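Engineer: I have a structure here, written as structure tokens, and I will follow up with some questions on it.
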Amino acid sequence: MLRKAGWNVAVVERSEVVGGHVRNSWMRGLPYEPNGAHIFHTDDEDVWRLVSSLVNFEPYLHKVRTRVGGQELSWPIQLDELAGLAEWRSIQRELAVLPEHRDDTNFETWCISLMGETLYHLFIEGYTEKQWGRRPSDLSCQFAPKRVDLRTDGYLPLFRDPYQGWPREGYGALVEALLADTPVILCEEVTQSNLAQLVKPDVPVVLTCALDDFFDHSEGQLEWRGVHLVPHYLPDEKLAQSAMVVNEPSANIDYTRTVETKWVFPELHSESGTVIAFEYPGAPAKHYPVLDAENRNQTLQQRYGARAEAFLRNPLVPAGRLANYTYINMDEAMRQGMNAASRVEKHVGRLVGA
Ligand SMILES: Cc1cc2nc3c(=O)[nH]c(=O)nc-3n(C[C@H](O)[C@H](O)[C@H](O)COP(=O)(O)OP(=O)(O)OC[C@H]3O[C@@H](n4cnc5c(N)ncnc54)[C@H](O)[C@@H]3O)c2cc1C
């Protein structure tokens with residue numbers, strides 16, 4: 001947006017490629033996602049207009065399955081699929097006495113007040129403990145409404161947004177198209193210490209890095225949880241599983257889910273050869289901010305946010321999931337980028353080049 005408005009803009013990227021967390025890879029012509037399954041879904045008209053003007057999207061409605069009690073069921077939980085479970089009577093008893101309001105003490109209490117103890121133990125507890133490496137009662141319920149649902153309307157796709165798809169040439173192509181006319185400096189980390197070498201004083205900087213990294217961890221380190229995907233090529237299989245993502249909530253199995261991105265492309269389904277990737281939690285990567293029940297990380301992030309506001313040398317505008325320490329989808333990250341561009345334009349006048 002800033003570039004289109006005629007301003008001088010440069011992107012500084014720590015990695016040797018652009019694309020960040022969403023960039024996917026290819027194996028024998030098949031897509032797979034080293035940082036987890038990504039489906040583009042949005043109700044933001046501006047964001048959809050922008051991305052679909054840059055690349056072609058394969059229309060795709062994302063469905064997820066989950067292995068529970070020796071069966072494969074839908075995720076989110078569908079009430080009308082539960083009668084075959086051995087625990088159905090307890091489930092019914094608990095659903096009949098659910099509280100009117102969610103208990104927002106922590107993630108565990110929130111889920112139990114939505115679905116009762118039995119469904120919580122079957123579908124949520126083991127998955128959450130593996131995913132976060134801590135008790136669900138130690139996590140904030142803040143992110144629960146976005147991730148947990150008990151559906152009674154029989155609607156199977158995970159998302160309800162009007163625009164959904166997967167970029168046909170992959171997410172790398174989408175990010176490259178976004179940056180087509182913008183100079184990119186690769187392999188350069190931005191911190192408060194080296195900012196002076198990268199950009200003149202008073203030039204506004206949109207920060208998409210973690211603020212604790214930017215401020216050299218001087219207030220302490222923010223906690224993150226990362227995932228690690230291990231892809232396997234199966235030459236003889238056309239499709240290896242019943243949906244693009246199959247959750248594995250059992251505490252006895254160390255991966256959390258399996259991902260088969262080939263599901264996005266129906267024209268490939270009849271061809272032999274597929275890639276299935278096993279997602280393991282606990283990788284040393286900044287994928288998920290850890291919103292703890294005590295608000296320790298959230299409070300630390302606020303301290304860094306206040307420092308960013310007060311940073312004197314350059315106006316700093318945080319945008320994206322790392323800088324704002326928040327779990328957001330791609331469309332929301334793009335919306336934050338757009339808002340950051342408007343803020344830069346509104347408050348600071350013409351950019352003077354990086
Ligand atoms: C497992 C998983 C699955 C997901 N699935 C979906 C999905 O289905 N749909 C969806 O919409 N969203 C999904 N998301 C969310 C999506 O990944 C994020 O919304 C998106 O990555 C946010 O983009 P970003 O630019 O804010 O951050 P990033 O993608 O992390 O980009 C930040 C960039 O900044 C660079 N950088 C970091 N620090 C510095 C520094 N100090 N100096 C210079 N460069 C730096 C990084 O190298 C990176 O390129 C998922 C997330 C996870 C963890």
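Going by the structure tokens order, chains are called A, B, ..., each with residues numbered from 1, while ligands are numbered from 1 in the order shown.
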Identify all residues of segment 49-213 of chain A in helix (DSSP H, G or I) (DSSP on the backbone) and supply them as an NGL selection string.
Structural biologist: :A and (49-54 or 79-84 or 88-96 or 107-132 or 136-138 or 144-147 or 171-178 or 195-198 or 211-213)
Engineer: Could you give me, as a VMD selection string, every polymer residue with an atom at most 9 Å away from an atom of ligand 1, counting only C-alpha atoms and all ligand atoms?
Structural biologist: chain A and resid 11 to 23 35 to 42 62 186 to 191 207 to 211 213 to 214 225 to 228 279 286 to 288 319 to 324 327 to 334 336 to 337
Engineer: Take atom CA of Val184 of chain A and atom CA of Val317 of chain A and report the distance between them in Å, one decimal.
Structural biologist: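 Atom CA of Val317 of chain A lies 18.7 Å from atom CA of Val184 of chain A.
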Engineer: Compile the contact shell of Leu222 of chain A as JSON, numbers by chain: residues with an atom at most 9 Å away, counting only C-alpha atoms, same-chain residues fewer than 6 positions apart removed.
Structural biologist: {"A": [210, 211, 212, 213, 289, 290, 297, 298, 300, 301, 325]}
Engineer: What gap, in Å, lies between atom CA of Leu291 of chain A and atom CA of Leu139 of chain A?
Structural biologist: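 So the answer is 6.1 Å.
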Engineer: Based on the backbone DSSP call, show me all residues of segment 4-182 of chain A assigned strand (DSSP E or B), as a ChimeraX atom specification.
Structural biologist: /A:11-12,25-27,30-32,40-42,57-59,64-68,71-75,77-78,139,150-151,163-167
Engineer: Grab the residues selected above and save them as an mmCIF file, in the first residue's frame with N, CA and C atoms.
Structural biologist:
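What landed in again_23.cif:
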```
data_model
loop_
_atom_site.group_PDB
_atom_site.id
_atom_site.type_symbol
_atom_site.label_atom_id
_atom_site.label_comp_id
_atom_site.auth_asym_id
_atom_site.auth_seq_id
_atom_site.Cartn_x
_atom_site.Cartn_y
_atom_site.Cartn_z
ATOM 1 N N VAL A 11 11.884 -3.789 2.734
ATOM 2 C CA VAL A 11 11.574 -4.847 3.697
ATOM 3 C C VAL A 11 12.890 -5.481 4.137
ATOM 4 N N VAL A 12 13.057 -5.617 5.439
ATOM 5 C CA VAL A 12 14.267 -6.256 5.960
ATOM 6 C C VAL A 12 13.865 -7.594 6.561
ATOM 7 N N SER A 25 6.489 -25.866 1.031
ATOM 8 C CA SER A 25 7.517 -26.520 0.208
ATOM 9 C C SER A 25 6.831 -27.460 -0.779
ATOM 10 N N TRP A 26 7.645 -28.045 -1.677
ATOM 11 C CA TRP A 26 7.127 -28.985 -2.680
ATOM 12 C C TRP A 26 7.984 -30.235 -2.661
ATOM 13 N N MET A 27 7.360 -31.387 -2.781
ATOM 14 C CA MET A 27 8.097 -32.646 -2.869
ATOM 15 C C MET A 27 7.507 -33.418 -4.039
ATOM 16 N N LEU A 30 4.332 -32.145 -5.312
ATOM 17 C CA LEU A 30 3.202 -32.071 -4.368
ATOM 18 C C LEU A 30 3.520 -31.069 -3.263
ATOM 19 N N PRO A 31 2.511 -30.260 -2.882
ATOM 20 C CA PRO A 31 2.785 -29.287 -1.822
ATOM 21 C C PRO A 31 2.779 -29.940 -0.445
ATOM 22 N N TYR A 32 3.655 -29.472 0.432
ATOM 23 C CA TYR A 32 3.510 -29.795 1.848
ATOM 24 C C TYR A 32 3.945 -28.569 2.641
ATOM 25 N N PHE A 40 -6.301 -20.364 3.514
ATOM 26 C CA PHE A 40 -6.652 -18.947 3.495
ATOM 27 C C PHE A 40 -8.164 -18.834 3.624
ATOM 28 N N HIS A 41 -8.617 -18.152 4.667
ATOM 29 C CA HIS A 41 -10.068 -17.968 4.844
ATOM 30 C C HIS A 41 -10.297 -16.596 5.449
ATOM 31 N N THR A 42 -11.272 -15.887 4.902
ATOM 32 C CA THR A 42 -11.490 -14.524 5.405
ATOM 33 C C THR A 42 -12.898 -14.032 5.084
ATOM 34 N N PHE A 57 -6.426 -18.705 -6.687
ATOM 35 C CA PHE A 57 -6.721 -19.577 -5.544
ATOM 36 C C PHE A 57 -7.507 -20.801 -5.990
ATOM 37 N N GLU A 58 -7.119 -21.956 -5.473
ATOM 38 C CA GLU A 58 -7.927 -23.159 -5.637
ATOM 39 C C GLU A 58 -9.035 -23.086 -4.584
ATOM 40 N N PRO A 59 -10.325 -23.126 -4.996
ATOM 41 C CA PRO A 59 -11.377 -23.087 -3.974
ATOM 42 C C PRO A 59 -11.273 -24.334 -3.099
ATOM 43 N N VAL A 64 -11.673 -31.202 8.869
ATOM 44 C CA VAL A 64 -10.701 -31.853 9.752
ATOM 45 C C VAL A 64 -11.370 -33.042 10.409
ATOM 46 N N ARG A 65 -10.624 -34.128 10.565
ATOM 47 C CA ARG A 65 -11.127 -35.311 11.267
ATOM 48 C C ARG A 65 -10.294 -35.500 12.527
ATOM 49 N N THR A 66 -10.817 -36.266 13.470
ATOM 50 C CA THR A 66 -10.070 -36.510 14.703
ATOM 51 C C THR A 66 -10.280 -37.962 15.144
ATOM 52 N N ARG A 67 -9.219 -38.587 15.652
ATOM 53 C CA ARG A 67 -9.311 -40.004 16.059
ATOM 54 C C ARG A 67 -9.678 -40.082 17.535
ATOM 55 N N VAL A 68 -10.851 -40.642 17.801
ATOM 56 C CA VAL A 68 -11.340 -40.720 19.182
ATOM 57 C C VAL A 68 -11.987 -42.077 19.399
ATOM 58 N N GLN A 71 -12.410 -44.503 16.645
ATOM 59 C CA GLN A 71 -13.173 -44.041 15.471
ATOM 60 C C GLN A 71 -12.553 -42.766 14.921
ATOM 61 N N GLU A 72 -12.944 -42.432 13.697
ATOM 62 C CA GLU A 72 -12.563 -41.134 13.147
ATOM 63 C C GLU A 72 -13.809 -40.276 13.061
ATOM 64 N N LEU A 73 -13.806 -39.160 13.751
ATOM 65 C CA LEU A 73 -14.986 -38.286 13.795
ATOM 66 C C LEU A 73 -14.611 -36.908 13.274
ATOM 67 N N SER A 74 -15.626 -36.057 13.138
ATOM 68 C CA SER A 74 -15.371 -34.705 12.625
ATOM 69 C C SER A 74 -14.793 -33.808 13.712
ATOM 70 N N TRP A 75 -14.019 -32.846 13.267
ATOM 71 C CA TRP A 75 -13.571 -31.748 14.120
ATOM 72 C C TRP A 75 -13.938 -30.460 13.402
ATOM 73 N N ILE A 77 -16.238 -30.852 17.025
ATOM 74 C CA ILE A 77 -17.121 -31.926 17.463
ATOM 75 C C ILE A 77 -18.533 -31.683 16.924
ATOM 76 N N GLN A 78 -19.119 -32.739 16.332
ATOM 77 C CA GLN A 78 -20.498 -32.658 15.828
ATOM 78 C C GLN A 78 -21.367 -33.501 16.751
ATOM 79 N N LEU A 139 -3.416 -22.625 31.034
ATOM 80 C CA LEU A 139 -3.542 -21.762 29.847
ATOM 81 C C LEU A 139 -4.753 -20.845 29.975
ATOM 82 N N LEU A 150 -18.546 -26.933 19.752
ATOM 83 C CA LEU A 150 -19.407 -28.109 19.796
ATOM 84 C C LEU A 150 -20.583 -27.779 18.890
ATOM 85 N N ARG A 151 -20.607 -28.396 17.702
ATOM 86 C CA ARG A 151 -21.589 -27.976 16.700
ATOM 87 C C ARG A 151 -22.845 -28.827 16.743
ATOM 88 N N TYR A 163 -14.902 -16.395 1.953
ATOM 89 C CA TYR A 163 -13.796 -16.591 0.996
ATOM 90 C C TYR A 163 -12.813 -17.596 1.590
ATOM 91 N N GLN A 164 -12.586 -18.703 0.864
ATOM 92 C CA GLN A 164 -11.678 -19.732 1.372
ATOM 93 C C GLN A 164 -10.928 -20.349 0.199
ATOM 94 N N GLY A 165 -9.668 -20.656 0.383
ATOM 95 C CA GLY A 165 -8.922 -21.304 -0.687
ATOM 96 C C GLY A 165 -7.465 -21.508 -0.327
ATOM 97 N N TRP A 166 -6.734 -21.972 -1.321
ATOM 98 C CA TRP A 166 -5.293 -22.249 -1.162
ATOM 99 C C TRP A 166 -4.622 -21.747 -2.434
ATOM 100 N N PRO A 167 -3.566 -20.906 -2.351
ATOM 101 C CA PRO A 167 -2.972 -20.364 -3.580
ATOM 102 C C PRO A 167 -2.391 -21.478 -4.458
#
```
Engineer: Would you please work out which residue, of A:Glu237, A:Glu309, A:Asp292, A:Asp44, is nearest to His269 of chain A when using only C-alpha atoms?
Structural biologist: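 Smallest separation from His269 of chain A among the options: A:Glu237.
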Engineer: Can you list, as a list in words, every protein, DNA or RNA residue that comes within 12 Å of Pro99 of chain A when you count only C-alpha atoms, leaving out same-chain residues fewer than 2 positions away?
Structural biologist: Glu94, Leu95, Ala96, Val97, His101, Arg102, Asp103, Asp104, Thr109, Trp110, Cys111, Ile112, Ser113, Leu114, Met115 and Gly116 of chain A
Engineer: Using Å and a single decimal, report how far atom CA of Glu108 of chain A sits from atom CA of Ser137 of chain A.
Structural biologist: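 Here the two named atoms are 5.0 Å from each other.
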Engineer: Smallest atom-to-atom distance to Gly172 of chain A: which of A:Ala285, A:Val55, A:Ala10, A:Ile185, using only C-alpha atoms?
Structural biologist: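 Between A:Ala285, A:Val55, A:Ala10, A:Ile185, the residue approaching Gly172 of chain A most closely is A:Val55.
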Engineer: Tell me which of A:Phe215, A:Phe311, A:Trp7, A:Phe265 sits closest to Gly170 of chain A, counting only C-alpha atoms.
Structural biologist: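 Of all the options, A:Phe265 lies closest to Gly170 of chain A.
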Engineer: Between A:Thr152, A:Ser140, A:Gln131, A:Gln192, which is the closest to Arg313 of chain A once you count only C-alpha atoms?
Structural biologist: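 For Arg313 of chain A, the nearest of the given residues is A:Gln192.
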Engineer: Using only C-alpha atoms, can you tell me which of A:Leu50, A:Val259, A:Ala341, A:Leu61 comes closest to Arg160 of chain A?
Structural biologist: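 When distances to Arg160 of chain A are compared using only C-alpha atoms, the smallest one comes from A:Leu61.
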Engineer: Here is a test: counting only C-alpha atoms, which residue of A:Trp224, A:Tyr171, A:Ser270, A:Arg296 is nearest to Glu33 of chain A?
Structural biologist: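 Going through A:Trp224, A:Tyr171, A:Ser270, A:Arg296 one by one, the smallest distance to Glu33 of chain A is for A:Tyr171.
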